[in-house]
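Data file: protein21.tsv. Format and content: TSV, C-alpha atoms and all ligand atoms.
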```tsv
chain	number	residue	atom	x	y	z
J	250	MET	CA	108.56	188.00	126.81
J	251	GLY	CA	105.80	186.80	129.10
J	252	PHE	CA	104.35	188.35	132.23
J	253	TYR	CA	106.70	186.42	134.56
J	254	VAL	CA	109.89	187.52	132.76
J	255	ASP	CA	108.58	191.05	132.08
J	256	ARG	CA	107.19	191.89	135.50
J	257	ILE	CA	108.29	189.37	138.12
J	258	VAL	CA	111.97	188.74	137.28
J	259	PRO	CA	112.90	192.48	137.52
J	260	ARG	CA	111.34	192.55	141.01
J	261	ILE	CA	113.24	189.41	142.05
J	262	ILE	CA	116.46	191.12	140.88
J	263	GLU	CA	115.52	194.35	142.68
J	264	PHE	CA	114.92	192.34	145.86
J	265	SER	CA	117.93	190.00	145.71
J	266	CYS	CA	120.66	192.25	144.23
J	267	GLY	CA	120.40	195.18	146.65
J	268	PRO	CA	123.18	196.93	148.57
J	269	LYS	CA	123.31	194.41	151.41
J	270	ALA	CA	124.00	191.43	149.12
J	271	THR	CA	126.10	193.15	146.45
J	272	GLY	CA	127.20	196.62	147.63
J	273	THR	CA	130.79	195.64	148.40
J	274	HIS	CA	131.30	194.14	144.93
J	275	ARG	CA	129.59	197.07	143.21
J	276	ARG	CA	131.78	199.57	145.04
J	277	ARG	CA	134.88	197.64	144.09
J	278	VAL	CA	134.02	197.13	140.41
J	279	CYS	CA	133.11	200.80	139.86
J	280	GLN	CA	136.43	202.06	141.21
J	281	GLY	CA	138.46	203.77	138.49
J	282	LEU	CA	135.57	204.36	136.06
J	283	ALA	CA	135.97	207.75	134.40
J	284	GLY	CA	134.70	209.80	131.46
J	285	GLU	CA	131.90	208.56	129.19
J	286	VAL	CA	130.66	205.14	130.32
J	287	VAL	CA	128.30	202.60	128.75
J	288	GLU	CA	126.60	200.22	131.19
J	289	ILE	CA	125.02	197.09	129.69
J	290	GLY	CA	122.20	195.36	131.57
J	291	PHE	CA	121.60	198.45	133.70
J	292	GLY	CA	118.84	196.64	135.60
J	293	THR	CA	117.32	198.62	138.47
J	294	GLY	CA	120.26	200.99	138.77
J	295	TYR	CA	122.05	199.65	141.82
J	296	ASN	CA	125.45	200.74	140.45
J	297	VAL	CA	124.45	204.42	140.29
J	298	ALA	CA	125.41	205.00	143.94
J	299	HIS	CA	128.95	203.84	143.17
J	300	TYR	CA	129.80	205.85	140.04
J	301	PRO	CA	132.95	207.87	140.81
J	302	ALA	CA	132.77	211.66	140.37
J	303	ALA	CA	135.17	211.30	137.42
J	304	VAL	CA	132.35	209.72	135.36
J	305	THR	CA	130.84	212.42	133.14
J	306	ARG	CA	127.88	210.50	131.64
J	307	VAL	CA	126.43	206.99	131.62
J	308	ALA	CA	124.61	205.48	128.63
J	309	ALA	CA	122.37	202.78	130.11
J	310	VAL	CA	121.49	199.78	127.94
J	311	GLU	CA	118.53	197.84	129.34
J	312	PRO	CA	115.74	195.95	127.54
J	313	SER	CA	113.34	195.72	130.49
J	314	ASP	CA	110.88	198.60	130.90
J	315	ALA	CA	109.96	197.31	134.38
J	316	SER	CA	113.61	197.44	135.49
J	317	TRP	CA	114.03	200.94	134.07
J	318	LYS	CA	110.93	202.08	136.02
J	319	LEU	CA	112.30	200.54	139.21
J	320	ALA	CA	115.58	202.41	138.55
J	321	ALA	CA	113.87	205.83	138.28
J	322	ARG	CA	114.50	206.90	141.88
J	323	ARG	CA	118.21	206.08	141.64
J	324	VAL	CA	118.60	207.66	138.19
J	325	ASP	CA	116.81	210.86	139.26
J	326	GLY	CA	119.01	211.15	142.37
J	327	SER	CA	122.25	210.50	140.50
J	328	GLY	CA	125.03	213.09	140.50
J	329	VAL	CA	126.12	211.68	137.13
J	330	PRO	CA	123.78	212.10	134.10
J	331	VAL	CA	122.30	208.71	133.17
J	332	GLU	CA	120.28	208.17	130.01
J	333	ARG	CA	118.60	205.00	128.75
J	334	SER	CA	120.31	204.85	125.39
J	335	GLY	CA	119.81	201.31	124.11
J	336	LEU	CA	117.86	198.09	124.54
J	337	ASP	CA	120.24	195.31	123.53
J	338	GLY	CA	123.88	194.86	124.49
J	339	GLN	CA	124.38	192.72	121.38
J	340	ARG	CA	123.59	195.66	119.09
J	341	LEU	CA	124.70	198.97	120.50
J	342	PRO	CA	123.38	202.15	118.81
J	343	PHE	CA	126.66	204.02	119.30
J	344	ALA	CA	129.52	205.14	117.07
J	345	ASP	CA	132.85	203.31	117.10
J	346	HIS	CA	135.30	204.36	119.84
J	347	SER	CA	132.77	206.64	121.53
J	348	PHE	CA	133.23	205.55	125.18
J	349	ASP	CA	136.09	205.64	127.67
J	350	ALA	CA	134.84	202.75	129.77
J	351	ALA	CA	132.12	200.12	130.08
J	352	LEU	CA	130.42	198.46	133.04
J	353	SER	CA	128.70	195.07	133.27
J	354	THR	CA	127.50	193.59	136.56
J	355	TRP	CA	125.84	190.15	136.53
J	356	THR	CA	124.70	190.72	132.94
J	357	LEU	CA	126.79	188.42	130.71
J	358	CYS	CA	124.88	185.48	132.27
J	359	THR	CA	121.59	186.74	130.83
J	360	ILE	CA	122.49	188.21	127.44
J	361	PRO	CA	121.75	185.43	124.90
J	362	ASP	CA	125.09	185.87	123.07
J	363	PRO	CA	127.61	187.33	125.54
J	364	GLY	CA	130.42	187.12	122.97
J	365	ALA	CA	128.45	189.37	120.61
J	366	ALA	CA	127.84	191.88	123.44
J	367	LEU	CA	131.54	191.95	124.28
J	368	ARG	CA	132.51	192.44	120.64
J	369	GLU	CA	130.06	195.36	120.53
J	370	LEU	CA	131.65	196.84	123.65
J	371	ARG	CA	135.05	196.53	122.01
J	372	ARG	CA	133.72	198.36	118.97
J	373	VAL	CA	132.33	201.30	120.97
J	374	LEU	CA	135.25	201.57	123.43
J	375	ARG	CA	138.18	203.74	122.45
J	376	PRO	CA	141.49	201.87	122.11
J	377	GLY	CA	142.76	201.35	125.64
J	378	GLY	CA	139.23	201.72	127.06
J	379	THR	CA	138.33	199.48	129.99
J	380	LEU	CA	135.49	197.11	130.80
J	381	HIS	CA	134.79	196.84	134.53
J	382	PHE	CA	132.94	193.62	135.30
J	383	VAL	CA	131.59	191.42	138.03
J	384	GLU	CA	129.86	188.34	136.71
J	385	HIS	CA	128.80	184.91	137.89
J	386	GLY	CA	129.75	181.98	135.72
J	387	LEU	CA	131.43	178.62	135.34
J	388	ALA	CA	132.97	177.62	138.68
J	389	PRO	CA	136.67	176.83	139.05
J	390	ASP	CA	135.89	173.36	140.49
J	391	GLU	CA	134.58	170.41	138.47
J	392	ARG	CA	132.34	169.21	141.32
J	393	VAL	CA	130.53	172.60	141.38
J	394	ARG	CA	130.45	172.71	137.56
J	395	ARG	CA	128.57	169.39	137.50
J	396	TRP	CA	125.86	170.92	139.72
J	397	GLN	CA	125.82	174.07	137.61
J	398	ARG	CA	125.13	171.99	134.49
J	399	ARG	CA	122.35	170.07	136.27
J	400	LEU	CA	120.65	173.17	137.66
J	401	GLU	CA	121.13	175.49	134.67
J	402	PRO	CA	117.85	174.54	132.87
J	403	LEU	CA	115.85	175.38	136.02
J	404	GLN	CA	117.80	178.61	136.61
J	405	LYS	CA	117.14	179.69	133.01
J	406	ARG	CA	113.40	179.12	133.42
J	407	LEU	CA	113.17	180.90	136.76
J	408	MET	CA	115.50	183.83	136.05
J	409	GLY	CA	114.71	185.00	132.53
J	410	GLY	CA	117.35	182.99	130.68
J	411	CYS	CA	120.18	183.43	133.21
J	412	ARG	CA	122.89	180.79	132.65
J	413	LEU	CA	125.15	179.35	135.36
J	414	THR	CA	127.98	178.12	133.12
J	415	THR	CA	129.21	181.16	131.16
J	416	PRO	CA	133.03	180.87	131.05
J	417	ILE	CA	133.76	184.50	131.92
J	418	ALA	CA	137.52	184.72	131.24
J	419	ASP	CA	137.30	182.75	127.98
J	420	THR	CA	134.36	184.83	126.76
J	421	LEU	CA	136.25	188.05	127.47
J	422	THR	CA	139.45	186.96	125.75
J	423	GLY	CA	137.49	185.33	122.91
J	424	ALA	CA	136.01	188.77	122.16
J	425	GLY	CA	139.50	190.30	122.04
J	426	PHE	CA	139.72	191.83	125.52
J	427	THR	CA	142.92	191.60	127.55
J	428	ILE	CA	142.25	190.84	131.20
J	429	ALA	CA	144.24	193.36	133.24
J	430	ASP	CA	143.01	192.23	136.63
J	431	MET	CA	140.57	189.52	137.72
J	432	ASP	CA	139.61	188.02	141.04
J	433	VAL	CA	137.74	184.69	140.90
J	434	PHE	CA	136.01	183.67	144.12
J	435	TYR	CA	132.97	182.03	145.66
J	436	GLU	CA	130.43	184.31	147.26
J	437	ARG	CA	128.80	183.28	150.53
J	438	GLY	CA	125.81	181.00	149.87
J	439	PRO	CA	125.33	178.45	147.09
J	440	LYS	CA	128.50	178.00	145.04
J	441	VAL	CA	126.51	177.14	141.91
J	442	THR	CA	125.32	180.74	141.58
J	443	GLY	CA	128.15	182.38	143.52
J	444	ALA	CA	131.22	181.67	141.39
J	445	TYR	CA	132.17	185.27	140.73
J	446	SER	CA	134.74	186.92	138.45
J	447	LEU	CA	135.44	190.59	139.25
J	448	GLY	CA	137.95	192.68	137.39
J	449	VAL	CA	138.96	195.01	134.61
J	450	ALA	CA	139.58	194.09	130.96
J	451	VAL	CA	141.18	196.34	128.37
J	452	SER	CA	140.16	196.80	124.76
J	453	PRO	CA	143.54	196.90	122.95
T	1	LIG	C1	120.82	189.67	136.69
T	1	LIG	S1	120.29	191.18	135.99
T	1	LIG	C2	121.58	192.31	136.52
T	1	LIG	C3	121.12	193.73	136.54
T	1	LIG	C4	122.16	194.77	136.95
T	1	LIG	N1	123.31	194.76	136.06
T	1	LIG	C5	122.60	194.61	138.38
T	1	LIG	O1	123.80	194.50	138.63
T	1	LIG	O2	121.74	194.62	139.28
T	1	LIG	C6	120.61	191.00	134.24
T	1	LIG	C7	120.18	192.21	133.44
T	1	LIG	O3	120.51	192.02	132.06
T	1	LIG	C8	119.46	192.56	131.28
T	1	LIG	N2	119.51	192.01	129.92
T	1	LIG	C9	118.93	190.89	129.43
T	1	LIG	N3	119.17	190.76	128.12
T	1	LIG	C10	119.92	191.83	127.75
T	1	LIG	C11	120.47	192.28	126.52
T	1	LIG	N4	120.30	191.56	125.39
T	1	LIG	N5	121.18	193.43	126.51
T	1	LIG	C12	121.35	194.13	127.65
T	1	LIG	N6	120.86	193.76	128.84
T	1	LIG	C13	120.15	192.63	128.90
T	1	LIG	C14	118.21	192.16	132.06
T	1	LIG	O4	117.06	192.88	131.68
T	1	LIG	C15	118.67	192.46	133.49
T	1	LIG	O5	118.43	193.80	133.84
```

Could you write out this structure as structure tokens?
Amino acid sequence: MGFYVDRIVPRIIEFSCGPKATGTHRRRVCQGLAGEVVEIGFGTGYNVAHYPAAVTRVAAVEPSDASWKLAARRVDGSGVPVERSGLDGQRLPFADHSFDAALSTWTLCTIPDPGAALRELRRVLRPGGTLHFVEHGLAPDERVRRWQRRLEPLQKRLMGGCRLTTPIADTLTGAGFTIADMDVFYERGPKVTGAYSLGVAVSP
């Protein structure tokens, strides 16, 4: 990874994904998390403030050292123990069926093979374990999709590989998850980046 992706992109994420822009969605997606939780693409730790008291431990998976450093203040102040436990969501260093729940917020867009990451989450979740997610991806409308396809190469260059056209529901079900609840909506602002899917999927 180069200087821009290593050092600048984490700061752009820290600046643009803070509580004002995303707090409502983070609060909503974290509701119902309990027990041992794995969070992929932990980023700068903005979900920490929303972990319910029923969460006993969070294993954070995050490749970026700069993001982990920016997260330090939130991790240190967390009422729930959080440990950086892995670097790549596509290859999780955990035993089968070792977590009660998983969390992914705006991460499947950036992981090179999101299907592989979801299959790994299925492996480490206990049967009946839940994945709580809010992701941006392929828009419901063809007109917006056309713009997403046009702008995706630029987005990938500027945002460390972030894609605009990940088909969230299909990727979840393709990895064997059952979608228990999902809300698909446009966020305020540009629809190309703001086609959100927020919900809970179950590992059968
Ligand atoms: C758009 S940011 C979202 C960060 C955080 N989840 C949030 O909600 O603020 C995407 C995150 O995915 C991380 N990421 C990239 N590749 C990854 C991988 N292979 N496994 C796990 N996380 C990855 C990035 O370092 C970055 O922190």

Please identify the residues whose atoms come within 8 Å of ligand LIG 1 (chain T), using only C-alpha atoms and all ligand atoms, and report them as a PyMOL selection string. chain J and resi 259+262-263+266-267+275+289-296+310-313+316+336-339+353-362+366+408-409+411

Which residues are near Val286 in chain J? Cut-off 8 Å, only C-alpha atoms, ignore same chain within fewer than 2 positions. Put them as a list of chain:residue names.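 Everything that qualifies: J:Leu282, J:Ala283, J:Gly284, J:Glu288, J:Val304, J:Thr305, J:Arg306, J:Val307, J:Ala308, J:Phe348, J:Asp349, J:Ala350, J:Ala351, J:Leu352.
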
Excluding Pro342 in chain J and any residue of its chain fewer than 5 positions from it, enumerate the residues within 12 Å of it, using only C-alpha atoms, and give them as JSON, numbers by chain. {"J": [287, 308, 309, 310, 333, 334, 335, 336, 337, 347, 369, 370, 372, 373]}

Quick one, how far is CA of Trp317 in chain J from CA of Leu367 in chain J? 22.0 Å

For CA of Ala302 in chain J and CA of Arg276 in chain J, determine how far apart the two atoms are, in Å to one decimal place.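 Rounded to one decimal, the two atoms are 13.0 Å apart.
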
Ala424 in chain J surroundings by only C-alpha atoms, 8 Å radius, close-in-sequence under 4 positions cut, as a ChimeraX atom specification: /J:364-365,367-368,371,420

Could you rebuild range 387-408 of chain J with N, CA and C atoms and give it back as a PDB file, keeping the file's coordinate frame?
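As a result, out.pdb now contains:
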```
ATOM      1  N   LEU J 387     130.909 179.977 135.157  1.00  0.00           N
ATOM      2  CA  LEU J 387     131.430 178.620 135.340  1.00  0.00           C
ATOM      3  C   LEU J 387     132.418 178.595 136.517  1.00  0.00           C
ATOM      4  N   ALA J 388     132.169 177.690 137.450  1.00  0.00           N
ATOM      5  CA  ALA J 388     132.970 177.620 138.680  1.00  0.00           C
ATOM      6  C   ALA J 388     134.366 177.069 138.392  1.00  0.00           C
ATOM      7  N   PRO J 389     135.321 177.371 139.253  1.00  0.00           N
ATOM      8  CA  PRO J 389     136.670 176.830 139.050  1.00  0.00           C
ATOM      9  C   PRO J 389     136.741 175.314 139.301  1.00  0.00           C
ATOM     10  N   ASP J 390     135.797 174.767 140.081  1.00  0.00           N
ATOM     11  CA  ASP J 390     135.890 173.360 140.490  1.00  0.00           C
ATOM     12  C   ASP J 390     134.910 172.473 139.721  1.00  0.00           C
ATOM     13  N   GLU J 391     135.406 171.308 139.287  1.00  0.00           N
ATOM     14  CA  GLU J 391     134.580 170.410 138.470  1.00  0.00           C
ATOM     15  C   GLU J 391     133.340 169.933 139.231  1.00  0.00           C
ATOM     16  N   ARG J 392     133.483 169.693 140.540  1.00  0.00           N
ATOM     17  CA  ARG J 392     132.340 169.210 141.320  1.00  0.00           C
ATOM     18  C   ARG J 392     131.194 170.239 141.281  1.00  0.00           C
ATOM     19  N   VAL J 393     131.546 171.528 141.429  1.00  0.00           N
ATOM     20  CA  VAL J 393     130.530 172.600 141.380  1.00  0.00           C
ATOM     21  C   VAL J 393     129.995 172.730 139.952  1.00  0.00           C
ATOM     22  N   ARG J 394     130.890 172.602 138.967  1.00  0.00           N
ATOM     23  CA  ARG J 394     130.450 172.710 137.560  1.00  0.00           C
ATOM     24  C   ARG J 394     129.384 171.675 137.237  1.00  0.00           C
ATOM     25  N   ARG J 395     129.565 170.446 137.781  1.00  0.00           N
ATOM     26  CA  ARG J 395     128.570 169.390 137.500  1.00  0.00           C
ATOM     27  C   ARG J 395     127.189 169.836 137.986  1.00  0.00           C
ATOM     28  N   TRP J 396     127.137 170.438 139.189  1.00  0.00           N
ATOM     29  CA  TRP J 396     125.860 170.920 139.720  1.00  0.00           C
ATOM     30  C   TRP J 396     125.331 172.099 138.895  1.00  0.00           C
ATOM     31  N   GLN J 397     126.252 172.937 138.446  1.00  0.00           N
ATOM     32  CA  GLN J 397     125.820 174.070 137.610  1.00  0.00           C
ATOM     33  C   GLN J 397     125.141 173.565 136.344  1.00  0.00           C
ATOM     34  N   ARG J 398     125.731 172.518 135.727  1.00  0.00           N
ATOM     35  CA  ARG J 398     125.130 171.990 134.490  1.00  0.00           C
ATOM     36  C   ARG J 398     123.764 171.370 134.767  1.00  0.00           C
ATOM     37  N   ARG J 399     123.636 170.680 135.922  1.00  0.00           N
ATOM     38  CA  ARG J 399     122.350 170.070 136.270  1.00  0.00           C
ATOM     39  C   ARG J 399     121.275 171.126 136.515  1.00  0.00           C
ATOM     40  N   LEU J 400     121.657 172.191 137.222  1.00  0.00           N
ATOM     41  CA  LEU J 400     120.650 173.170 137.660  1.00  0.00           C
ATOM     42  C   LEU J 400     120.382 174.275 136.636  1.00  0.00           C
ATOM     43  N   GLU J 401     121.254 174.370 135.621  1.00  0.00           N
ATOM     44  CA  GLU J 401     121.130 175.490 134.670  1.00  0.00           C
ATOM     45  C   GLU J 401     119.753 175.564 133.986  1.00  0.00           C
ATOM     46  N   PRO J 402     119.160 174.421 133.531  1.00  0.00           N
ATOM     47  CA  PRO J 402     117.850 174.540 132.870  1.00  0.00           C
ATOM     48  C   PRO J 402     116.795 175.175 133.785  1.00  0.00           C
ATOM     49  N   LEU J 403     116.817 174.819 135.068  1.00  0.00           N
ATOM     50  CA  LEU J 403     115.850 175.380 136.020  1.00  0.00           C
ATOM     51  C   LEU J 403     116.123 176.875 136.231  1.00  0.00           C
ATOM     52  N   GLN J 404     117.411 177.201 136.414  1.00  0.00           N
ATOM     53  CA  GLN J 404     117.800 178.610 136.610  1.00  0.00           C
ATOM     54  C   GLN J 404     117.334 179.461 135.427  1.00  0.00           C
ATOM     55  N   LYS J 405     117.520 178.930 134.205  1.00  0.00           N
ATOM     56  CA  LYS J 405     117.140 179.690 133.010  1.00  0.00           C
ATOM     57  C   LYS J 405     115.629 179.954 132.993  1.00  0.00           C
ATOM     58  N   ARG J 406     114.870 178.945 133.406  1.00  0.00           N
ATOM     59  CA  ARG J 406     113.400 179.120 133.420  1.00  0.00           C
ATOM     60  C   ARG J 406     112.964 180.121 134.470  1.00  0.00           C
ATOM     61  N   LEU J 407     113.615 180.048 135.636  1.00  0.00           N
ATOM     62  CA  LEU J 407     113.170 180.900 136.760  1.00  0.00           C
ATOM     63  C   LEU J 407     113.674 182.331 136.644  1.00  0.00           C
ATOM     64  N   MET J 408     114.835 182.515 135.987  1.00  0.00           N
ATOM     65  CA  MET J 408     115.500 183.830 136.050  1.00  0.00           C
ATOM     66  C   MET J 408     115.684 184.468 134.668  1.00  0.00           C
TER      67      MET J 408
END
```
